[in-house]
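Here the structure comes first, spelled out in structure tokens, and everything after it is commentary.
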Amino acid sequence: MMNRIHVRRTVVLRTIGVAAAGLLLAGTFSACTTVEPGGGGASAGGAGDTLAKGEEQGYLSVGIANEPPYTEVNADGSVHGAEPDVLRAVLKTMGIDEIQGVVTPYEAMIPGLNANRWDVIAAGLFMKQSRCEAVAYSEPVIVSTESFGTLPGNPKGIETIADVSENPDFKIAVLTGGFEEGILKTAKIPDGQQVLVKDARSGMEAVTANRADAFLLPTLSLKSLVEQDPSIEVTAPIEDAPRTGSGAAFRKEDTELLKAYNKALAEFKKTPEFAEILTQWGFDPTVVEGVTAEELCKTEG
């Protein structure tokens with residue numbers, strides 16, 4: 001299922017327990033990555049011919065993050081996660097055998113894609129109106145819920161976005177440029193109640209150090225954090241948070257690539273391998289059934 005892929009390292013601002021030194025190592029692993037310094041390069045060239053380019057060169061470059069279970073960069077440099085694993089498998093059925101991953105912060109993903117620094121994004125970059133105006137999403141691979149990470153026992157009793165709106169003393173940590181920051185802005189939560197953090201570990205530490213009362217993040221991401229460090233706990237999925245999901249994101253002009261990818265993705269979703277990948281990373285593969293990119297792109301933000 002896994003192919004050998006090569007990863008070029010740019011800036012890593014959103015990591016969970018991955019040593020920076022490990023990301024500087026260059027090496028080749030089976031179904032893993034080669035981490036090379038630098039950025040750009042692979043995606044330089046005219047946009048709109050990305051499908052032909054990928055078929056010719058045998059790979060596409062991919063903007064990724066490091067937020068399990070959506071994406072995960074291991075200390076040995078290997079890249080896994082639900083999003084890149086599905087992307088890799090689908091592209092292989094299209095005759096594109098490899099991906100080159102570029103680890104980048106979420107707020108830089110769309111600008112980097114549109115500047116031709118990579119060819120596609122596969123990072124749990126949730127669909128919402130502003131993003132769908134800037135890029136062309138494939139049909140969804142993942143549908144996700146949001147939760148709060150709180151101190152054990154949830155001493156402030158924060159369970160909904162309405163709770164935060166109704167109590168101006170509550171401070172909520174969110175990732176800069178993340179979907180969750182957009183949730184709070186859409187709910188008109190004042191900036192003074194938002195604690196912006198650079199990565200998931202920082203959000204967790206903001207709660208444990210009492211700089212924030214809760215950390216707003218996808219439910220599965222928080223559960224992955226707690227598996228490593230049980231100093232916080234995860235609330236039930238937030239009832240008044242919008243349903244969201246993600247798929248691969250392409251440049252608007254890459255219409256041929258998007259059409260071919262969606263066709264291949266639809267076929268891949270029918271195979272046991274699709275369910276195996278999502279189940280491996282903690283997702284229910286049935287949740288995405290019937291959900292469309294058009295629906296998810298209506299999410300405000």
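Letters A, B, ... go to the chains of the structure tokens in the order shown; residues in each chain start at 1; ligands are counted from 1 in the same order.
Residues within 8 Å of A:Lys252, counting only C-alpha atoms and excluding same-chain residues fewer than 4 positions away, are Ala134, Val135 and Ala136 of chain A.
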With all heavy atoms retained, could you export that selection as a compact mmCIF listing (two decimals), in the first residue's frame?
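Result saved to again.txt:
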```txt
# COMPACT_ATOMS: atom_id res chain seq x y z
N ALA A 134 -10.48 30.11 -2.79
CA ALA A 134 -9.06 30.26 -3.16
C ALA A 134 -8.48 29.03 -3.83
O ALA A 134 -7.52 29.13 -4.59
CB ALA A 134 -8.23 30.60 -1.92
N VAL A 135 -9.03 27.84 -3.53
CA VAL A 135 -8.51 26.60 -4.09
C VAL A 135 -9.67 25.71 -4.53
O VAL A 135 -10.83 25.97 -4.18
CB VAL A 135 -7.63 25.83 -3.08
CG1 VAL A 135 -6.41 26.63 -2.68
CG2 VAL A 135 -8.44 25.43 -1.84
N ALA A 136 -9.36 24.68 -5.28
CA ALA A 136 -10.37 23.71 -5.72
C ALA A 136 -10.19 22.41 -4.94
O ALA A 136 -9.16 21.75 -5.06
CB ALA A 136 -10.22 23.44 -7.22
```
Find the residues of stretch 255-278 of chain A that sit at most 9 Å from stretch 137-160 of chain A; for each, write down the nearest two atoms and how far apart they are in Å, to one decimal. Count only C-alpha atoms. Sort by chain, then by number going up, and give it as a tab-separated table.
```
residue	atom	partner	partner_atom	distance
A:Leu258	CA	A:Ser138	CA	6.4
A:Lys259	CA	A:Ser138	CA	8.4
A:Tyr261	CA	A:Ser138	CA	7.3
A:Asn262	CA	A:Ser138	CA	5.9
A:Leu265	CA	A:Glu139	CA	8.0
A:Ala266	CA	A:Glu139	CA	8.4
A:Lys269	CA	A:Val141	CA	8.6
A:Leu278	CA	A:Ile142	CA	8.2
```
Next on the checklist: DSSP on the backbone: which residues in stretch 33-192 of chain A end up as strand (DSSP E)? Give the answer as a PyMOL selection string.
Outcome noted: chain A and resi 35-37+59-64+72-73+79-80+98-103+120-121+136-137+142-144+146-150+172-175
Saved selection, atoms kept: N, CA and C atoms, as a compact mmCIF listing (two decimals), in the first residue's frame:
```txt
# COMPACT_ATOMS: atom_id res chain seq x y z
N VAL A 35 14.19 13.59 3.80
CA VAL A 35 14.00 14.97 4.22
C VAL A 35 15.16 15.79 3.72
N GLU A 36 14.85 16.75 2.87
CA GLU A 36 15.88 17.57 2.30
C GLU A 36 15.58 19.03 2.59
N PRO A 37 16.57 19.85 2.95
CA PRO A 37 16.31 21.26 3.20
C PRO A 37 15.93 21.96 1.92
N TYR A 59 5.72 12.00 -9.90
CA TYR A 59 5.39 12.43 -8.54
C TYR A 59 4.73 13.79 -8.58
N LEU A 60 4.04 14.12 -7.48
CA LEU A 60 3.56 15.47 -7.23
C LEU A 60 4.10 15.92 -5.88
N SER A 61 4.34 17.21 -5.74
CA SER A 61 4.77 17.75 -4.45
C SER A 61 3.54 18.14 -3.64
N VAL A 62 3.60 17.91 -2.33
CA VAL A 62 2.41 17.98 -1.49
C VAL A 62 2.68 18.82 -0.25
N GLY A 63 1.86 19.84 -0.03
CA GLY A 63 1.92 20.59 1.21
C GLY A 63 1.26 19.79 2.32
N ILE A 64 2.00 19.53 3.38
CA ILE A 64 1.48 18.72 4.49
C ILE A 64 1.71 19.45 5.81
N GLU A 72 1.21 13.04 9.83
CA GLU A 72 2.15 12.73 10.90
C GLU A 72 3.55 12.62 10.33
N VAL A 73 4.47 13.37 10.92
CA VAL A 73 5.88 13.30 10.54
C VAL A 73 6.62 12.66 11.71
N VAL A 79 6.56 10.23 6.60
CA VAL A 79 5.30 10.95 6.56
C VAL A 79 4.15 9.97 6.38
N HIS A 80 3.19 10.04 7.26
CA HIS A 80 2.03 9.16 7.21
C HIS A 80 0.78 10.00 7.49
N GLU A 98 4.67 8.56 -6.79
CA GLU A 98 5.29 9.10 -5.59
C GLU A 98 4.71 10.46 -5.24
N ILE A 99 4.91 10.87 -3.98
CA ILE A 99 4.65 12.24 -3.56
C ILE A 99 5.90 12.77 -2.87
N GLN A 100 6.11 14.06 -3.02
CA GLN A 100 7.17 14.74 -2.28
C GLN A 100 6.49 15.69 -1.31
N GLY A 101 6.62 15.44 -0.02
CA GLY A 101 5.94 16.24 0.98
C GLY A 101 6.77 17.44 1.42
N VAL A 102 6.09 18.56 1.62
CA VAL A 102 6.72 19.77 2.14
C VAL A 102 5.97 20.18 3.40
N VAL A 103 6.62 20.09 4.56
CA VAL A 103 5.96 20.44 5.82
C VAL A 103 5.91 21.95 5.94
N VAL A 120 -0.29 20.19 -4.58
CA VAL A 120 -1.54 19.78 -3.93
C VAL A 120 -1.33 19.90 -2.43
N ILE A 121 -2.42 20.07 -1.70
CA ILE A 121 -2.38 20.08 -0.24
C ILE A 121 -3.12 18.85 0.25
N ALA A 136 -9.36 24.68 -5.28
CA ALA A 136 -10.37 23.71 -5.72
C ALA A 136 -10.19 22.41 -4.94
N TYR A 137 -11.18 22.08 -4.12
CA TYR A 137 -11.11 20.87 -3.31
C TYR A 137 -11.63 19.66 -4.06
N ILE A 142 -12.35 12.98 4.59
CA ILE A 142 -12.56 12.93 6.04
C ILE A 142 -13.68 13.90 6.40
N VAL A 143 -14.55 13.47 7.30
CA VAL A 143 -15.50 14.37 7.96
C VAL A 143 -15.18 14.33 9.44
N SER A 144 -15.07 15.52 10.05
CA SER A 144 -14.50 15.60 11.39
C SER A 144 -15.38 16.39 12.34
N GLU A 146 -15.30 18.65 16.21
CA GLU A 146 -14.43 19.48 17.05
C GLU A 146 -14.71 19.19 18.52
N SER A 147 -13.68 19.35 19.36
CA SER A 147 -13.84 19.21 20.81
C SER A 147 -12.97 20.24 21.50
N PHE A 148 -13.14 20.35 22.81
CA PHE A 148 -12.26 21.17 23.63
C PHE A 148 -11.31 20.26 24.41
N GLY A 149 -10.07 20.68 24.51
CA GLY A 149 -9.14 20.06 25.43
C GLY A 149 -9.09 20.91 26.68
N THR A 150 -9.40 20.32 27.82
CA THR A 150 -9.47 21.08 29.07
C THR A 150 -8.63 20.40 30.14
N ILE A 172 -9.82 30.80 24.94
CA ILE A 172 -9.74 29.57 24.17
C ILE A 172 -8.51 29.61 23.28
N ALA A 173 -7.68 28.58 23.37
CA ALA A 173 -6.49 28.48 22.52
C ALA A 173 -6.90 27.89 21.16
N VAL A 174 -6.38 28.48 20.09
CA VAL A 174 -6.61 27.98 18.74
C VAL A 174 -5.32 28.13 17.94
N LEU A 175 -5.16 27.30 16.94
CA LEU A 175 -3.99 27.38 16.07
C LEU A 175 -4.12 28.56 15.12
```
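Omitting A:Glu227 and its sequence neighbours fewer than 5 positions away, and counting only C-alpha atoms, the residues within 12 Å are Ile16, Pro68, Pro69, Leu220, Ser221, Leu222, Ile232, Glu233 and Val234 of chain A.
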For stretch 189-257 of chain A versus stretch 288-295 of chain A, which residues have an atom no more than 10 Å away, and what is each residue's nearest atom pair and distance in Å rounded to one decimal, using only C-alpha atoms, chain-then-number order, as a Markdown table?
```
| residue | atom | partner | partner_atom | distance |
| --- | --- | --- | --- | --- |
| A:Arg243 | CA | A:Glu295 | CA | 9.9 |
| A:Thr244 | CA | A:Glu295 | CA | 9.3 |
| A:Gly245 | CA | A:Ala293 | CA | 8.3 |
| A:Ser246 | CA | A:Ala293 | CA | 8.2 |
| A:Gly247 | CA | A:Ala293 | CA | 8.2 |
```
Using the selection just defined, write its residues with N, CA, C and O atoms as a PDB file, in the first residue's frame.
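Result written to result34.pdb:
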```pdb
ATOM      1  N   ARG A 243     -20.045  21.151  11.176  1.00  0.00           N
ATOM      2  CA  ARG A 243     -19.465  19.931  10.632  1.00  0.00           C
ATOM      3  C   ARG A 243     -18.489  20.332   9.537  1.00  0.00           C
ATOM      4  O   ARG A 243     -18.760  21.235   8.745  1.00  0.00           O
ATOM      5  N   THR A 244     -17.379  19.686   9.521  1.00  0.00           N
ATOM      6  CA  THR A 244     -16.373  20.038   8.527  1.00  0.00           C
ATOM      7  C   THR A 244     -15.715  18.779   7.996  1.00  0.00           C
ATOM      8  O   THR A 244     -15.940  17.676   8.477  1.00  0.00           O
ATOM      9  N   GLY A 245     -14.914  18.972   7.004  1.00  0.00           N
ATOM     10  CA  GLY A 245     -14.209  17.844   6.413  1.00  0.00           C
ATOM     11  C   GLY A 245     -13.124  18.345   5.498  1.00  0.00           C
ATOM     12  O   GLY A 245     -12.990  19.546   5.248  1.00  0.00           O
ATOM     13  N   SER A 246     -12.348  17.425   5.001  1.00  0.00           N
ATOM     14  CA  SER A 246     -11.219  17.813   4.162  1.00  0.00           C
ATOM     15  C   SER A 246     -11.011  16.801   3.051  1.00  0.00           C
ATOM     16  O   SER A 246     -11.435  15.648   3.124  1.00  0.00           O
ATOM     17  N   GLY A 247     -10.365  17.281   2.014  1.00  0.00           N
ATOM     18  CA  GLY A 247      -9.927  16.455   0.912  1.00  0.00           C
ATOM     19  C   GLY A 247      -8.676  17.096   0.355  1.00  0.00           C
ATOM     20  O   GLY A 247      -8.127  18.025   0.947  1.00  0.00           O
TER      21      GLY A 247
END
```
Checklist outcome for this item: Among A:Asp49, A:Glu55, A:Glu107, A:Glu83, A:Gln280 is approached most closely, using only C-alpha atoms, by A:Glu83
Checklist entry - What gap, in Å, lies between atom CA of A:Gln129 and atom CA of A:Gly177? => result 14.2 Å
Checklist entry - Can you list every residue in stretch 86-281 of chain A that DSSP puts in alpha helix (DSSP H), as a ChimeraX atom specification? => result /A:86-93,106-114,129-134,161-166,179-186,200-208,219-228,255-268,272-280
Next on the checklist: Just want the 7 Å neighbourhood of A:Leu257, counted on only C-alpha atoms, with same-chain residues fewer than 3 positions away dropped. Output as a list in words.
Outcome noted: Thr50, Leu51, Asp254, Ala260 and Tyr261 of chain A
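If only C-alpha atoms are the atoms counted, then among A:Ala89, A:Arg201, A:Asp240, A:Glu300 the closest residue to A:Glu267 is A:Ala89.
Distances here use only C-alpha atoms; by that measure, the residue among A:Thr93, A:Ser130, A:Thr271, A:Asn167 closest to A:Gln193 is A:Asn167.
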